[in-house]
file data12.cif (mmCIF, C-alpha atoms and all ligand atoms)
data_query
loop_
_atom_site.label_atom_id
_atom_site.label_comp_id
_atom_site.auth_asym_id
_atom_site.auth_seq_id
_atom_site.Cartn_x
_atom_site.Cartn_y
_atom_site.Cartn_z
CA MET A 18 -18.50 16.68 -4.14
CA SER A 19 -15.80 14.40 -2.94
CA PHE A 20 -13.76 11.87 -4.85
CA LEU A 21 -12.10 8.69 -3.74
CA TYR A 22 -8.43 9.48 -3.21
CA PRO A 23 -6.82 8.33 -6.49
CA ILE A 24 -3.99 6.46 -4.76
CA LYS A 25 -5.53 3.39 -3.23
CA SER A 26 -2.38 1.93 -1.74
CA ARG A 27 1.37 2.27 -1.70
CA ASN A 28 3.68 -0.59 -2.61
CA ILE A 29 6.13 -0.86 0.28
CA ASP A 30 8.56 -3.78 -0.15
CA GLY A 31 6.00 -5.72 -2.19
CA ARG A 32 3.15 -5.12 0.23
CA GLN A 33 0.24 -2.82 -0.55
CA GLN A 34 -0.14 -0.40 2.33
CA THR A 35 -3.46 1.39 2.45
CA VAL A 36 -3.33 5.16 2.12
CA THR A 37 -5.30 6.90 4.85
CA LYS A 38 -4.48 10.53 4.19
CA THR A 39 -3.38 12.89 1.44
CA LEU A 40 0.24 12.22 0.50
CA PRO A 41 2.83 15.00 0.28
CA ILE A 42 3.11 16.78 -3.06
CA SER A 43 6.57 17.16 -4.60
CA SER A 44 5.51 19.63 -7.29
CA ALA A 45 2.40 21.80 -7.07
CA PHE A 46 -0.11 22.90 -9.70
CA GLY A 47 0.70 26.23 -11.38
CA PRO A 48 3.56 28.08 -13.06
CA ARG A 49 6.76 26.04 -13.12
CA GLY A 50 9.94 27.26 -14.81
CA SER A 51 8.98 28.71 -18.16
CA GLY A 52 5.82 26.65 -18.37
CA PHE A 53 2.77 25.65 -16.39
CA HIS A 54 2.47 22.46 -14.36
CA ASN A 55 -1.04 21.31 -15.18
CA GLY A 56 -1.30 18.82 -12.32
CA ILE A 57 0.34 17.76 -9.08
CA ASP A 58 3.19 15.33 -8.53
CA ILE A 59 2.87 12.81 -5.73
CA PRO A 60 5.87 10.54 -5.11
CA VAL A 61 4.71 6.93 -4.83
CA PRO A 62 6.74 3.72 -5.15
CA VAL A 63 6.48 1.77 -8.42
CA GLY A 64 3.66 -0.79 -8.29
CA SER A 65 1.34 1.24 -6.04
CA TYR A 66 -2.37 0.96 -6.90
CA PHE A 67 -4.41 3.76 -8.45
CA GLN A 68 -8.18 3.66 -8.20
CA ALA A 69 -11.09 5.28 -10.00
CA PRO A 70 -12.14 8.39 -8.01
CA PHE A 71 -15.64 8.16 -9.52
CA ASP A 72 -17.71 6.03 -11.88
CA GLY A 73 -16.59 6.60 -15.46
CA TYR A 74 -14.87 5.42 -18.59
CA LEU A 75 -11.18 4.69 -19.06
CA SER A 76 -8.89 5.59 -21.90
CA ASN A 77 -5.20 4.96 -22.47
CA SER A 78 -2.49 6.99 -24.07
CA VAL A 79 1.27 6.88 -24.34
CA ASN A 80 3.48 9.89 -24.96
CA PRO A 81 7.15 10.80 -24.40
CA SER A 82 6.33 13.25 -21.62
CA GLY A 83 3.65 11.46 -19.59
CA GLY A 84 4.77 7.93 -20.41
CA ASN A 85 1.98 5.43 -19.94
CA GLN A 86 -1.18 7.34 -19.09
CA VAL A 87 -4.70 6.47 -18.16
CA ILE A 88 -7.61 8.88 -18.10
CA ILE A 89 -10.92 8.39 -16.40
CA THR A 90 -13.85 10.47 -17.62
CA SER A 91 -16.98 10.83 -15.51
CA VAL A 92 -20.23 9.32 -16.79
CA ASP A 93 -21.63 12.80 -17.63
CA SER A 94 -18.23 13.61 -19.27
CA THR A 95 -17.80 16.89 -17.35
CA GLN A 96 -14.88 15.72 -15.24
CA ARG A 97 -11.69 13.86 -15.89
CA PHE A 98 -8.73 12.59 -13.91
CA GLY A 99 -5.46 11.87 -15.69
CA PHE A 100 -2.76 9.57 -14.31
CA ALA A 101 0.70 9.76 -15.88
CA HIS A 102 3.99 7.80 -15.64
CA LEU A 103 2.22 4.48 -15.05
CA LYS A 104 4.24 1.29 -14.89
CA ASN A 105 2.50 -0.25 -17.89
CA LEU A 106 -0.75 -0.26 -19.79
CA GLU A 107 -1.35 -3.98 -19.41
CA ILE A 108 -2.00 -4.98 -15.87
CA SER A 109 -2.63 -8.35 -14.35
CA ASP A 110 -5.93 -10.20 -14.70
CA THR A 111 -6.83 -9.42 -11.11
CA LEU A 112 -6.94 -5.77 -12.10
CA ILE A 113 -7.97 -4.73 -15.60
CA ASP A 114 -6.36 -6.04 -18.75
CA GLU A 115 -8.18 -4.03 -21.41
CA ARG A 116 -8.82 -0.52 -20.31
CA ASP A 117 -9.70 1.50 -23.39
CA GLY A 118 -13.32 2.68 -23.28
CA ARG A 119 -14.09 0.37 -20.43
CA PRO A 120 -16.69 1.50 -17.89
CA VAL A 121 -15.39 1.32 -14.34
CA SER A 122 -17.00 1.91 -11.01
CA LYS A 123 -15.60 4.10 -8.27
CA GLY A 124 -12.82 2.31 -6.39
CA THR A 125 -11.78 -0.01 -9.23
CA ILE A 126 -8.02 -0.36 -9.57
CA ILE A 127 -7.12 1.28 -12.88
CA GLY A 128 -3.34 1.22 -12.91
CA LEU A 129 -0.01 0.78 -11.21
CA SER A 130 2.36 3.64 -10.50
CA GLY A 131 5.61 3.72 -12.40
CA ASN A 132 8.38 5.93 -13.67
CA THR A 133 7.76 6.04 -17.43
CA GLY A 134 8.02 9.10 -19.69
CA ASN A 135 9.76 12.29 -18.63
CA SER A 136 10.12 11.47 -14.95
CA THR A 137 13.03 11.87 -12.56
CA GLY A 138 11.70 9.38 -10.02
CA PRO A 139 8.65 7.20 -9.33
CA HIS A 140 5.66 9.50 -8.95
CA LEU A 141 2.10 10.13 -10.03
CA HIS A 142 1.41 13.18 -12.17
CA LEU A 143 -2.27 13.68 -11.46
CA THR A 144 -4.48 16.07 -13.40
CA TYR A 145 -8.08 17.07 -12.91
CA THR A 146 -10.19 18.64 -15.64
CA LEU A 147 -13.59 20.24 -15.08
CA ASN A 148 -15.59 21.29 -18.15
CA GLY A 149 -12.44 21.28 -20.24
CA GLU A 150 -10.36 23.34 -17.82
CA LYS A 151 -7.44 22.02 -15.78
CA LYS A 152 -7.90 22.58 -12.04
CA ASP A 153 -5.63 22.00 -9.05
CA PRO A 154 -6.24 18.42 -7.83
CA ALA A 155 -4.84 19.40 -4.41
CA LYS A 156 -7.87 21.66 -3.84
CA LEU A 157 -10.40 18.86 -4.18
CA SER A 158 -12.00 17.10 -1.28
CA TYR A 159 -11.06 13.43 -1.03
CA ASP A 160 -12.73 10.49 0.58
CA PHE A 161 -10.49 7.78 2.05
CA THR A 162 -13.27 5.26 2.60
CA ASN A 163 -12.64 2.83 -0.21
CA VAL A 164 -15.67 1.11 -1.67
CA GLN A 165 -13.60 -2.07 -1.90
CA PRO A 166 -11.98 -3.73 1.10
CA PRO A 167 -8.53 -2.25 1.60
CA ILE A 168 -5.80 -4.30 -0.03
CA VAL A 169 -3.53 -4.95 2.89
CA ASP A 170 -1.18 -7.85 3.24
CA PRO A 171 -0.58 -8.13 6.98
CA GLY A 172 2.80 -9.77 6.30
CA PRO A 173 4.56 -12.07 8.74
CA VAL A 174 3.17 -11.86 12.25
CA SER A 175 5.88 -11.69 14.90
CA LEU A 176 6.06 -10.94 18.59
CA PRO A 177 7.72 -7.66 19.43
CA LEU A 178 11.42 -8.52 19.53
CA PRO A 179 12.53 -6.41 22.52
CA VAL A 180 9.98 -8.17 24.73
CA PHE A 181 10.09 -11.69 23.35
CA PRO A 182 13.73 -12.82 24.00
CA GLY A 183 13.68 -11.54 27.60
CA PHE A 184 10.36 -13.22 28.27
CA ALA A 185 11.51 -16.50 26.66
CA ILE A 186 14.77 -16.52 28.66
CA ILE A 187 12.86 -16.11 31.94
CA ILE A 188 10.48 -18.96 31.05
CA ILE A 189 13.41 -21.22 30.04
CA LEU A 190 15.28 -20.42 33.30
CA ILE A 191 12.17 -21.24 35.37
CA LEU A 192 11.75 -24.53 33.48
CA ILE A 193 15.43 -25.45 34.00
CA LEU A 194 15.08 -24.64 37.71
CA LEU A 195 11.92 -26.75 38.04
CA VAL A 196 13.39 -29.71 36.13
CA THR A 197 16.63 -29.56 38.19
CA ARG A 198 14.65 -29.47 41.44
CA TYR A 199 12.45 -32.37 40.30
CA LEU A 200 15.47 -34.47 39.29
CA LYS A 201 17.27 -33.69 42.57
CA GLY A 202 14.11 -34.59 44.49
CA ASN A 203 13.78 -37.95 42.71
CA ARG A 204 17.43 -38.79 43.28
CA GLY A 205 16.96 -37.98 47.00
CA ILE A 206 13.98 -40.32 47.35
CA GLY A 207 15.88 -42.99 45.44
CA ASN A 208 18.81 -42.68 47.86
CA ILE A 209 16.59 -42.93 50.92
CA GLU A 210 14.85 -46.00 49.50
CA GLY A 211 18.25 -47.42 48.62
CA THR A 212 19.47 -46.83 52.17
CA GLN A 213 16.32 -48.38 53.59
CA SER A 214 16.68 -51.46 51.41
CA LEU A 215 20.30 -51.80 52.56
CA GLN A 216 19.18 -51.74 56.19
CA THR A 217 16.75 -54.64 55.83
ZN ZN B 301 3.85 16.59 -12.91
#
call {"tool": "encode", "arguments": {"input": "data12.cif", "output": "structure tokens"}}
result
Amino acid sequence: MSFLYPIKSRNIDGRQQTVTKTLPISSAFGPRGSGFHNGIDIPVPVGSYFQAPFDGYLSNSVNPSGGNQVIITSVDSTQRFGFAHLKNLEISDTLIDERDGRPVSKGTIIGLSGNTGNSTGPHLHLTYTLNGEKKDPAKLSYDFTNVQPPIVDPGPVSLPLPVFPGFAIIIILILILLVTRYLKGNRGIGNIEGTQSLQT
């Protein structure tokens, strides 16, 4: 069974860049300090989009440790993904404004990454639960083919700078040369005509 990768895109300078492969993990699943890290930490900029890895139902919670959290439970309720440290629980109308208990289909955007709760920097704390038991989300198989079109803002289109100025300068020089030659040529003809008219 494979799941859609929970991070749909990364917010880079206000643009959503599509994620095409598994992102590096800053803290793995397993024993950590005196406790147990029940998920994985993936650093992602604030405002990145999280998506539903499967069809399911959403629920919200807020706590001092996980901050704003959203949980998606599979339709048969055997599996669950938890997303912690979200930016907020109310997201814009283009996404979802009322999440609690709401059915969502695979690929729906279910939250924005943030840095709320007990967090030392913007990241996603992702958990996966199978039949009530926490499992390592890094060991799952992920699908990067989003069911929705990728949200990519192409941004300003520009010619590659190292090539463009050199190319433009050459074109301008050729134009100057052609115009100069044309003007010189015209003046020459004018002079000859002038000379001829003087002779008559
Ligand atoms: Zn964590």
call {"tool": "residues_near_ligand", "arguments": {"input": "data12.cif", "ligand": "ligand ZN 301 (chain B)", "cutoff": "6 Å", "atoms": "only C-alpha atoms and all ligand atoms", "output": "list in words"}}
result
Gly56, Ile57, Asp58 and His142 of chain A
call {"tool": "write_last_selection", "arguments": {"input": "data12.cif", "atoms": "C-alpha atoms", "output": "PDB file, in the frame of the given file"}}
result
ATOM      1  CA  GLY A  56      -1.300  18.820 -12.320  1.00  0.00           C
ATOM      2  CA  ILE A  57       0.340  17.760  -9.080  1.00  0.00           C
ATOM      3  CA  ASP A  58       3.190  15.330  -8.530  1.00  0.00           C
ATOM      4  CA  HIS A 142       1.410  13.180 -12.170  1.00  0.00           C
TER       5      HIS A 142
END
call {"tool": "residues_around", "arguments": {"input": "data12.cif", "residues": "Glu150 in chain A", "least_positions_apart": "4", "cutoff": "10 Å", "atoms": "all atoms listed in the file", "output": "list in words"}}
result
Asn55, Thr95, Gln96, Arg97, Tyr145 and Thr146 of chain A
call {"tool": "residues_near_point", "arguments": {"input": "data12.cif", "point": "(-2.8, 2.8, -9.0)", "cutoff": "8 Å", "atoms": "all atoms listed in the file", "output": "VMD selection string"}}
result
chain A and resid 23 to 26 64 to 68 126 to 130
call {"tool": "atom_distance", "arguments": {"input": "data12.cif", "atom1": "CA of Ala45 in chain A", "atom2": "CA of Lys152 in chain A"}}
result
11.5 Å
call {"tool": "closest_residue", "arguments": {"input": "data12.cif", "among": "A:Leu106, A:Ile188, A:Ile29, A:Ala155", "to": "Leu143 in chain A", "atoms": "only C-alpha atoms"}}
result
A:Ala155
call {"tool": "closest_residue", "arguments": {"input": "data12.cif", "among": "A:Pro62, A:Asn85, A:Asn77, A:Ile189", "to": "Gln34 in chain A", "atoms": "all atoms listed in the file"}}
result
A:Pro62
call {"tool": "atom_distance", "arguments": {"input": "data12.cif", "atom1": "CA of Ser43 in chain A", "atom2": "CA of Pro60 in chain A"}}
result
6.7 Å
call {"tool": "atom_distance", "arguments": {"input": "data12.cif", "atom1": "CA of Val79 in chain A", "atom2": "CA of Lys104 in chain A"}}
result
11.4 Å
call {"tool": "closest_residue", "arguments": {"input": "data12.cif", "among": "A:Ile88, A:Val121, A:Leu103, A:Leu147", "to": "Asn135 in chain A", "atoms": "only C-alpha atoms"}}
result
A:Leu103
call {"tool": "closest_residue", "arguments": {"input": "data12.cif", "among": "A:Gly73, A:Gly83, A:Pro48, A:Gly99", "to": "Pro120 in chain A", "atoms": "all atoms listed in the file"}}
result
A:Gly73
call {"tool": "closest_residue", "arguments": {"input": "data12.cif", "among": "A:Gly149, A:Pro154, A:Pro81, A:Pro70", "to": "Thr125 in chain A", "atoms": "only C-alpha atoms"}}
result
A:Pro70
call {"tool": "closest_residue", "arguments": {"input": "data12.cif", "among": "A:Ile42, A:Val63, A:Ile186, A:Val196", "to": "Thr133 in chain A", "atoms": "all atoms listed in the file"}}
result
A:Val63
